[in-house]
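Below: coords.cif (mmCIF, C-alpha atoms)
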data_upload
loop_
_atom_site.label_atom_id
_atom_site.label_comp_id
_atom_site.auth_asym_id
_atom_site.auth_seq_id
_atom_site.Cartn_x
_atom_site.Cartn_y
_atom_site.Cartn_z
CA MET A 26 -8.22 9.37 -29.55
CA SER A 27 -7.64 11.18 -26.26
CA TYR A 28 -8.91 8.66 -23.76
CA ASP A 29 -8.20 10.98 -20.85
CA ARG A 30 -10.86 13.47 -22.02
CA ALA A 31 -13.88 11.18 -21.67
CA ILE A 32 -14.67 9.74 -18.27
CA THR A 33 -16.86 6.94 -19.67
CA VAL A 34 -14.36 5.57 -22.21
CA PHE A 35 -11.79 2.93 -21.38
CA SER A 36 -8.36 3.15 -23.00
CA PRO A 37 -7.25 0.07 -24.98
CA ASP A 38 -5.16 -1.14 -22.03
CA GLY A 39 -8.09 -0.92 -19.60
CA HIS A 40 -7.52 2.43 -17.91
CA LEU A 41 -10.01 5.12 -16.91
CA PHE A 42 -7.60 8.01 -16.93
CA GLN A 43 -9.86 10.54 -15.20
CA VAL A 44 -10.23 8.20 -12.22
CA GLU A 45 -6.46 7.74 -12.09
CA TYR A 46 -5.99 11.51 -12.25
CA ALA A 47 -8.39 11.85 -9.29
CA MET A 48 -6.28 9.36 -7.34
CA GLU A 49 -3.22 11.46 -8.17
CA ALA A 50 -5.02 14.50 -6.75
CA VAL A 51 -5.47 12.55 -3.49
CA LYS A 52 -1.73 11.84 -3.35
CA ARG A 53 -1.05 15.57 -3.64
CA GLY A 54 -3.33 16.29 -0.66
CA SER A 55 -2.61 16.25 3.05
CA ALA A 56 -1.60 12.99 4.69
CA VAL A 57 -4.21 11.07 6.70
CA VAL A 58 -3.42 8.19 9.07
CA GLY A 59 -5.95 5.90 10.71
CA ILE A 60 -5.29 3.19 13.30
CA ARG A 61 -7.63 0.72 14.95
CA GLY A 62 -6.81 -0.02 18.59
CA ALA A 63 -8.27 -2.53 21.01
CA ASN A 64 -11.02 -0.14 22.16
CA CYS A 65 -10.54 2.95 20.04
CA VAL A 66 -9.93 4.35 16.58
CA VAL A 67 -7.44 7.17 16.08
CA LEU A 68 -7.45 9.48 13.05
CA GLY A 69 -4.60 11.89 12.35
CA VAL A 70 -4.25 14.42 9.54
CA GLU A 71 -1.45 16.62 8.31
CA ARG A 72 -2.23 20.29 8.79
CA LYS A 73 -0.80 22.38 5.95
CA ALA A 74 0.55 25.87 6.57
CA VAL A 75 -2.12 28.58 6.29
CA ALA A 76 -1.83 32.22 5.34
CA GLN A 77 -0.79 34.52 8.15
CA LEU A 78 -4.16 36.29 8.25
CA GLN A 79 -6.29 33.17 7.81
CA ASP A 80 -8.15 31.63 10.75
CA PRO A 81 -6.83 28.03 10.99
CA ARG A 82 -10.03 26.90 12.75
CA THR A 83 -11.86 27.11 9.41
CA ILE A 84 -9.57 24.48 7.85
CA ARG A 85 -10.75 21.06 8.97
CA LYS A 86 -9.88 17.65 7.51
CA ILE A 87 -11.76 15.69 10.19
CA ALA A 88 -15.55 15.93 10.24
CA LYS A 89 -18.52 14.32 11.97
CA LEU A 90 -20.78 12.10 9.84
CA ASP A 91 -23.16 10.97 12.56
CA ASP A 92 -23.17 10.72 16.35
CA HIS A 93 -21.00 7.59 16.21
CA LEU A 94 -19.10 8.11 12.94
CA THR A 95 -16.18 10.40 12.05
CA ILE A 96 -14.53 10.90 8.66
CA ALA A 97 -11.10 12.19 7.63
CA PHE A 98 -10.20 12.90 4.03
CA ALA A 99 -7.32 13.57 1.68
CA GLY A 100 -7.73 15.46 -1.59
CA PHE A 101 -9.89 18.38 -2.69
CA THR A 102 -11.59 19.99 0.30
CA ALA A 103 -14.49 21.31 -1.81
CA ASP A 104 -15.21 17.83 -3.20
CA ALA A 105 -15.04 16.39 0.32
CA ARG A 106 -17.51 18.98 1.60
CA VAL A 107 -20.09 17.93 -1.01
CA LEU A 108 -19.52 14.22 -0.37
CA ILE A 109 -19.76 14.61 3.41
CA GLU A 110 -23.00 16.58 3.07
CA LYS A 111 -24.50 13.78 0.95
CA ALA A 112 -23.40 11.22 3.55
CA ARG A 113 -24.89 13.23 6.44
CA ILE A 114 -28.23 13.48 4.66
CA GLU A 115 -28.18 9.72 4.02
CA ALA A 116 -27.40 9.04 7.70
CA GLN A 117 -30.35 11.20 8.81
CA SER A 118 -32.61 9.58 6.20
CA TYR A 119 -31.61 6.14 7.48
CA ARG A 120 -32.43 7.17 11.06
CA LEU A 121 -35.82 8.52 9.97
CA THR A 122 -36.69 5.40 7.97
CA CYS A 123 -35.24 2.63 10.16
CA GLU A 124 -35.33 4.36 13.56
CA ASP A 125 -31.77 3.27 14.16
CA ALA A 126 -28.26 4.56 13.50
CA PRO A 127 -26.63 3.47 10.23
CA SER A 128 -23.72 1.05 10.55
CA ILE A 129 -20.23 2.15 9.57
CA GLU A 130 -20.21 -0.46 6.79
CA TYR A 131 -23.48 0.95 5.42
CA MET A 132 -22.09 4.50 5.35
CA ALA A 133 -18.80 3.39 3.77
CA ARG A 134 -20.78 1.57 1.08
CA PHE A 135 -22.97 4.63 0.47
CA ILE A 136 -19.96 6.96 0.08
CA ALA A 137 -18.23 4.48 -2.22
CA LYS A 138 -21.44 4.06 -4.28
CA THR A 139 -21.72 7.84 -4.64
CA GLN A 140 -18.10 8.12 -5.76
CA GLN A 141 -18.51 5.23 -8.22
CA SER A 142 -21.61 6.79 -9.78
CA TYR A 143 -19.45 9.78 -10.76
CA THR A 144 -17.13 7.56 -12.80
CA GLN A 145 -19.55 6.09 -15.36
CA ARG A 146 -21.70 8.87 -16.77
CA GLY A 147 -20.92 11.92 -18.84
CA GLY A 148 -21.10 15.52 -17.69
CA VAL A 149 -19.47 14.86 -14.32
CA ARG A 150 -16.00 14.15 -13.02
CA PRO A 151 -14.80 11.84 -10.21
CA PHE A 152 -14.52 13.13 -6.66
CA GLY A 153 -10.87 13.95 -6.01
CA VAL A 154 -11.16 12.54 -2.50
CA SER A 155 -10.19 9.45 -0.53
CA SER A 156 -11.67 9.11 2.92
CA MET A 157 -11.22 7.18 6.14
CA ILE A 158 -14.34 6.48 8.17
CA ALA A 159 -13.97 5.56 11.83
CA GLY A 160 -16.60 4.19 14.18
CA PHE A 161 -17.86 1.10 16.00
CA ASP A 162 -20.02 -1.83 14.98
CA SER A 163 -23.08 -3.17 16.84
CA ASN A 164 -20.79 -5.02 19.27
CA GLN A 165 -18.83 -1.81 20.03
CA ALA A 166 -15.78 -3.18 18.21
CA PRO A 167 -13.66 -0.46 16.55
CA GLN A 168 -13.89 -0.24 12.76
CA LEU A 169 -11.91 1.66 10.12
CA TYR A 170 -13.02 1.88 6.48
CA LEU A 171 -11.37 3.49 3.46
CA THR A 172 -12.94 4.71 0.20
CA ASP A 173 -11.22 5.96 -2.96
CA PRO A 174 -12.21 7.99 -6.07
CA GLY A 175 -12.88 4.80 -8.02
CA GLY A 176 -15.72 3.87 -5.67
CA THR A 177 -14.17 0.94 -3.83
CA TYR A 178 -14.32 0.57 -0.05
CA SER A 179 -12.55 -1.76 2.34
CA ALA A 180 -11.94 -2.30 6.06
CA TRP A 181 -8.48 -1.80 7.54
CA LYS A 182 -6.56 -2.26 10.79
CA ALA A 183 -4.32 0.71 9.93
CA ASN A 184 -3.62 2.69 6.78
CA ALA A 185 -2.44 6.01 5.37
CA ILE A 186 -3.71 8.02 2.40
CA GLY A 187 -2.51 11.21 0.75
CA GLY A 188 0.72 13.06 1.32
CA ARG A 189 4.00 12.99 -0.52
CA ASN A 190 5.27 9.86 1.27
CA GLU A 191 2.13 7.72 1.37
CA LYS A 192 3.99 4.46 0.65
CA ALA A 193 6.60 5.16 3.31
CA VAL A 194 3.93 5.76 5.96
CA GLN A 195 2.07 2.59 4.94
CA GLU A 196 5.30 0.58 5.28
CA PHE A 197 5.93 2.18 8.68
CA LEU A 198 2.47 1.10 9.86
CA GLU A 199 2.97 -2.43 8.54
CA LYS A 200 6.15 -2.73 10.63
CA ASN A 201 4.86 -1.12 13.81
CA TRP A 202 1.14 -1.93 14.10
CA THR A 203 0.21 -4.76 16.46
CA ALA A 204 -3.15 -6.16 17.48
CA GLY A 205 -4.76 -4.97 20.71
CA LEU A 206 -3.13 -1.54 20.92
CA ALA A 207 -4.10 0.46 23.99
CA ASP A 208 -5.48 3.97 23.48
CA THR A 209 -2.21 5.69 24.35
CA ASP A 210 -0.15 3.33 22.16
CA ALA A 211 -2.47 3.84 19.18
CA LEU A 212 -2.27 7.60 19.66
CA ARG A 213 1.54 7.53 19.81
CA LEU A 214 1.70 5.36 16.70
CA VAL A 215 -0.42 7.84 14.73
CA VAL A 216 1.84 10.70 15.84
CA ARG A 217 4.97 8.72 14.90
CA ALA A 218 3.47 7.91 11.48
CA LEU A 219 2.62 11.57 10.82
CA LEU A 220 6.12 12.62 11.85
CA GLU A 221 7.32 10.61 8.84
CA VAL A 222 5.76 13.21 6.54
CA VAL A 223 5.24 16.44 8.50
CA ASP A 224 7.64 18.83 10.13
CA SER A 225 8.02 18.43 13.87
CA GLY A 226 5.46 20.33 15.91
CA ALA A 227 1.89 19.93 17.11
CA LYS A 228 0.75 22.82 14.90
CA ASN A 229 1.31 20.63 11.82
CA MET A 230 -1.11 17.87 12.74
CA GLU A 231 -4.65 17.31 13.98
CA ILE A 232 -5.67 14.13 15.77
CA ALA A 233 -9.03 12.73 16.87
CA ILE A 234 -9.68 9.66 19.02
CA LEU A 235 -12.96 7.75 19.09
CA ARG A 236 -14.02 5.59 22.02
CA PRO A 237 -17.22 3.51 22.29
CA GLY A 238 -20.19 5.38 23.72
CA ALA A 239 -18.35 8.71 23.81
CA ALA A 240 -18.16 11.74 21.56
CA VAL A 241 -15.12 12.14 19.35
CA SER A 242 -12.25 13.76 21.23
CA MET A 243 -9.78 16.13 19.56
CA ILE A 244 -6.33 15.97 21.15
CA PRO A 245 -5.26 19.39 22.51
CA GLU A 246 -2.17 20.97 20.97
CA ALA A 247 -0.31 21.01 24.31
CA GLU A 248 -0.84 17.26 24.79
CA LEU A 249 0.26 16.60 21.21
CA GLN A 250 3.43 18.63 21.71
CA SER A 251 4.23 16.64 24.85
CA ILE A 252 3.86 13.34 22.95
CA ILE A 253 6.03 14.64 20.10
CA THR A 254 8.73 15.75 22.55
CA ASP A 255 8.78 12.29 24.18
CA ILE A 256 8.98 10.54 20.80
CA GLU A 257 11.83 12.76 19.60
CA ARG A 258 13.73 12.19 22.85
CA GLU A 259 13.34 8.41 22.50
CA GLN A 260 14.52 8.56 18.88
CA GLU A 261 17.56 10.63 19.88
CA GLU A 262 18.45 8.21 22.67
CA ALA A 263 18.11 5.23 20.31
CA LYS A 264 20.34 6.96 17.75
CA LYS A 265 23.01 7.62 20.39
CA ALA A 266 22.86 4.03 21.60
CA THR A 267 23.32 2.78 18.03
CA GLN A 268 26.30 5.07 17.45
CA GLU A 269 27.94 3.99 20.72
CA ALA A 270 27.41 0.31 19.83
CA GLN A 271 29.00 0.82 16.41
CA SER A 272 32.00 2.75 17.82
CA SER A 273 32.69 0.07 20.42
#
Could the structure of this file be written out as structure tokens, please?
Amino acid sequence: MSYDRAITVFSPDGHLFQVEYAMEAVKRGSAVVGIRGANCVVLGVERKAVAQLQDPRTIRKIAKLDDHLTIAFAGFTADARVLIEKARIEAQSYRLTCEDAPSIEYMARFIAKTQQSYTQRGGVRPFGVSSMIAGFDSNQAPQLYLTDPGGTYSAWKANAIGGRNEKAVQEFLEKNWTAGLADTDALRLVVRALLEVVDSGAKNMEIAILRPGAAVSMIPEAELQSIITDIEREQEEAKKATQEAQSS
């Protein structure tokens, strides 16, 4: 029996192959990095090369869910568009019903529930999308949540999804993330993490920073290029120092 043809049938060794294939689609997507700082959340995405005649402004991997929530995704853009639209409608419905903004945990749970519902009934396929949701809780503490095609969600201090070197970026974050990062340090760490998988240059990445009580801020390309130049200069100086120490 071809267990990978039916989404509702487990294989004898406990696999749902269509869900695993959806997770593989995420790995083939653009890299996304999220970091929680002391008073901010920073989201960074890899920007793939576009056709010469295409307007790059129409390709966005970071989107607004609600006034206080921002999402970044890796995987199929069309699937993400549908999932984000469902989440926006739910956020507005929550505001209308409860007369309050939905919490980030509520929205992460809703997105995960929607993704999970597409893994256990026939006639549909899983969403080929993993997402990072950034925002703040009721105490204005920064929060970062991750969802996957299987319908699970979890909170993180820092993580990376998608891209050809997902594991390498995750290991980089494990080594370099520290508690209480200032805004500028969190921003630099996201850039350094993205440089592990993208070619050097501000045109190859898009970064957003969220601060409590303020609208999401997209980092200008000129500022990004300045940060990248500083990082590359520091790396070059460290490499020279290492070589000089070894030669002596």
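CA of Gln43 in chain A is found 12.1 Å from CA of Arg146 in chain A.
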Residues within 10 Å of (4.7, 19.7, 12.9), file coordinates, counting all atoms listed in the file: what are they? Give the list as number ranges by chain.
A: 71-74, 216, 219-220, 222-231, 249-250, 253
Identify, on the basis of all atoms listed in the file, every residue whose closest approach to Phe197 in chain A does not exceed 10 Å; exclude the query and any residue fewer than 5 positions from it along the same chain; express the result as a PyMOL selection string.
chain A and resi 184-185+191-192+202+214+217-218+221
C-alpha atoms of the current selection, written as a tab-separated table (two decimals), in the coordinates of the input:
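The result, stored in part06.tsv:
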chain	number	residue	atom	x	y	z
A	184	ASN	CA	-3.62	2.69	6.78
A	185	ALA	CA	-2.44	6.01	5.37
A	191	GLU	CA	2.13	7.72	1.37
A	192	LYS	CA	3.99	4.46	0.65
A	202	TRP	CA	1.14	-1.93	14.10
A	214	LEU	CA	1.70	5.36	16.70
A	217	ARG	CA	4.97	8.72	14.90
A	218	ALA	CA	3.47	7.91	11.48
A	221	GLU	CA	7.32	10.61	8.84
Out of A:Ala133, A:Leu94, A:Ala76, A:Ala180, which residue has the shortest atom-to-atom distance to Arg61 in chain A when counting only C-alpha atoms?
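With only C-alpha atoms as the atom set, the closest residue is A:Ala180.
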Using the chain letters and numbering of this document, enumerate as a list in words the residues selected by the PyMOL selection byres ((chain A and resi 106) around 12).
Ile84, Arg85, Lys86, Ile87, Ala88, Lys89, Leu90, Ile96, Ala97, Phe98, Ala99, Gly100, Phe101, Thr102, Ala103, Asp104, Ala105, Val107, Leu108, Ile109, Glu110, Lys111, Ala112, Arg113, Phe152, Gly153, Val154 and Ser156 of chain A
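Residues in contact range of Pro151 in chain A, defined as at most 8 Å between all atoms listed in the file, with sequence neighbours fewer than 5 positions away removed, read A:Gln43, A:Val44, A:Ala47, A:Gln140, A:Gln141, A:Tyr143, A:Thr144, A:Pro174, A:Gly175.
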Please write as a PDB file with C-alpha atoms, keeping the file's coordinate frame the full residue list that the PyMOL selection byres ((chain A and resi 147) around 10) yields on this file.
ATOM      1  CA  ALA A  31     -13.880  11.180 -21.670  1.00  0.00           C
ATOM      2  CA  ILE A  32     -14.670   9.740 -18.270  1.00  0.00           C
ATOM      3  CA  THR A  33     -16.860   6.940 -19.670  1.00  0.00           C
ATOM      4  CA  VAL A  34     -14.360   5.570 -22.210  1.00  0.00           C
ATOM      5  CA  TYR A 143     -19.450   9.780 -10.760  1.00  0.00           C
ATOM      6  CA  THR A 144     -17.130   7.560 -12.800  1.00  0.00           C
ATOM      7  CA  GLN A 145     -19.550   6.090 -15.360  1.00  0.00           C
ATOM      8  CA  ARG A 146     -21.700   8.870 -16.770  1.00  0.00           C
ATOM      9  CA  GLY A 148     -21.100  15.520 -17.690  1.00  0.00           C
ATOM     10  CA  VAL A 149     -19.470  14.860 -14.320  1.00  0.00           C
ATOM     11  CA  ARG A 150     -16.000  14.150 -13.020  1.00  0.00           C
TER      12      ARG A 150
END
Which residue is closest to Thr95 in chain A? Choose from A:Gly69, A:Pro37, A:Pro127, A:Gly160 and count only C-alpha atoms.
A:Gly160
Please measure the separation of CA of Ala159 in chain A and CA of Val66 in chain A, giving the value in Å to one decimal.
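Spanning CA of Ala159 in chain A to CA of Val66 in chain A is a straight-line distance of 6.4 Å.
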Box dimensions and centre (Å, one decimal) enclosing range 208-224 of chain A, axis-aligned, 3 Å extra per side, as AutoDock Vina command-line options:
--center_x 1.1 --center_y 11.1 --center_z 15.4 --size_x 19.1 --size_y 21.5 --size_z 23.8
Residue with the minimum atom-to-atom distance to Ala211 in chain A, picked from A:Ile136, A:Leu121, A:Leu78, A:Leu198 with all atoms listed in the file counted, is A:Leu198
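The smallest atom-to-atom distance between Thr209 in chain A and any of A:Ile158, A:Ala56, A:Leu41, A:Cys65, using only C-alpha atoms, is found for A:Cys65.
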Hits of the PyMOL selection byres ((chain A and resi 137) around 6) in this structure, as a ChimeraX atom specification:
/A:134-136,138-140,172,176-178
Suppose you want the space between CA of Phe42 in chain A and CA of Asp29 in chain A; what is it in Å?
5.0 Å
From the options A:Ile129, A:Ala266, A:Ile186, A:Ile256, which residue's atoms come nearest to Asp162 in chain A, counting only C-alpha atoms?
A:Ile129
Applying 12 Å and all atoms listed in the file, which residues near Asp125 in chain A remain after dropping the ones on its own chain fewer than 4 positions away? List them as number ranges by chain.
A: 91-93, 116-121, 163
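Each of A:Ser36, A:Asp255, A:Gly54, A:Met132 was checked against Val70 in chain A using all atoms listed in the file; the smallest atom-to-atom distance is that of A:Gly54.
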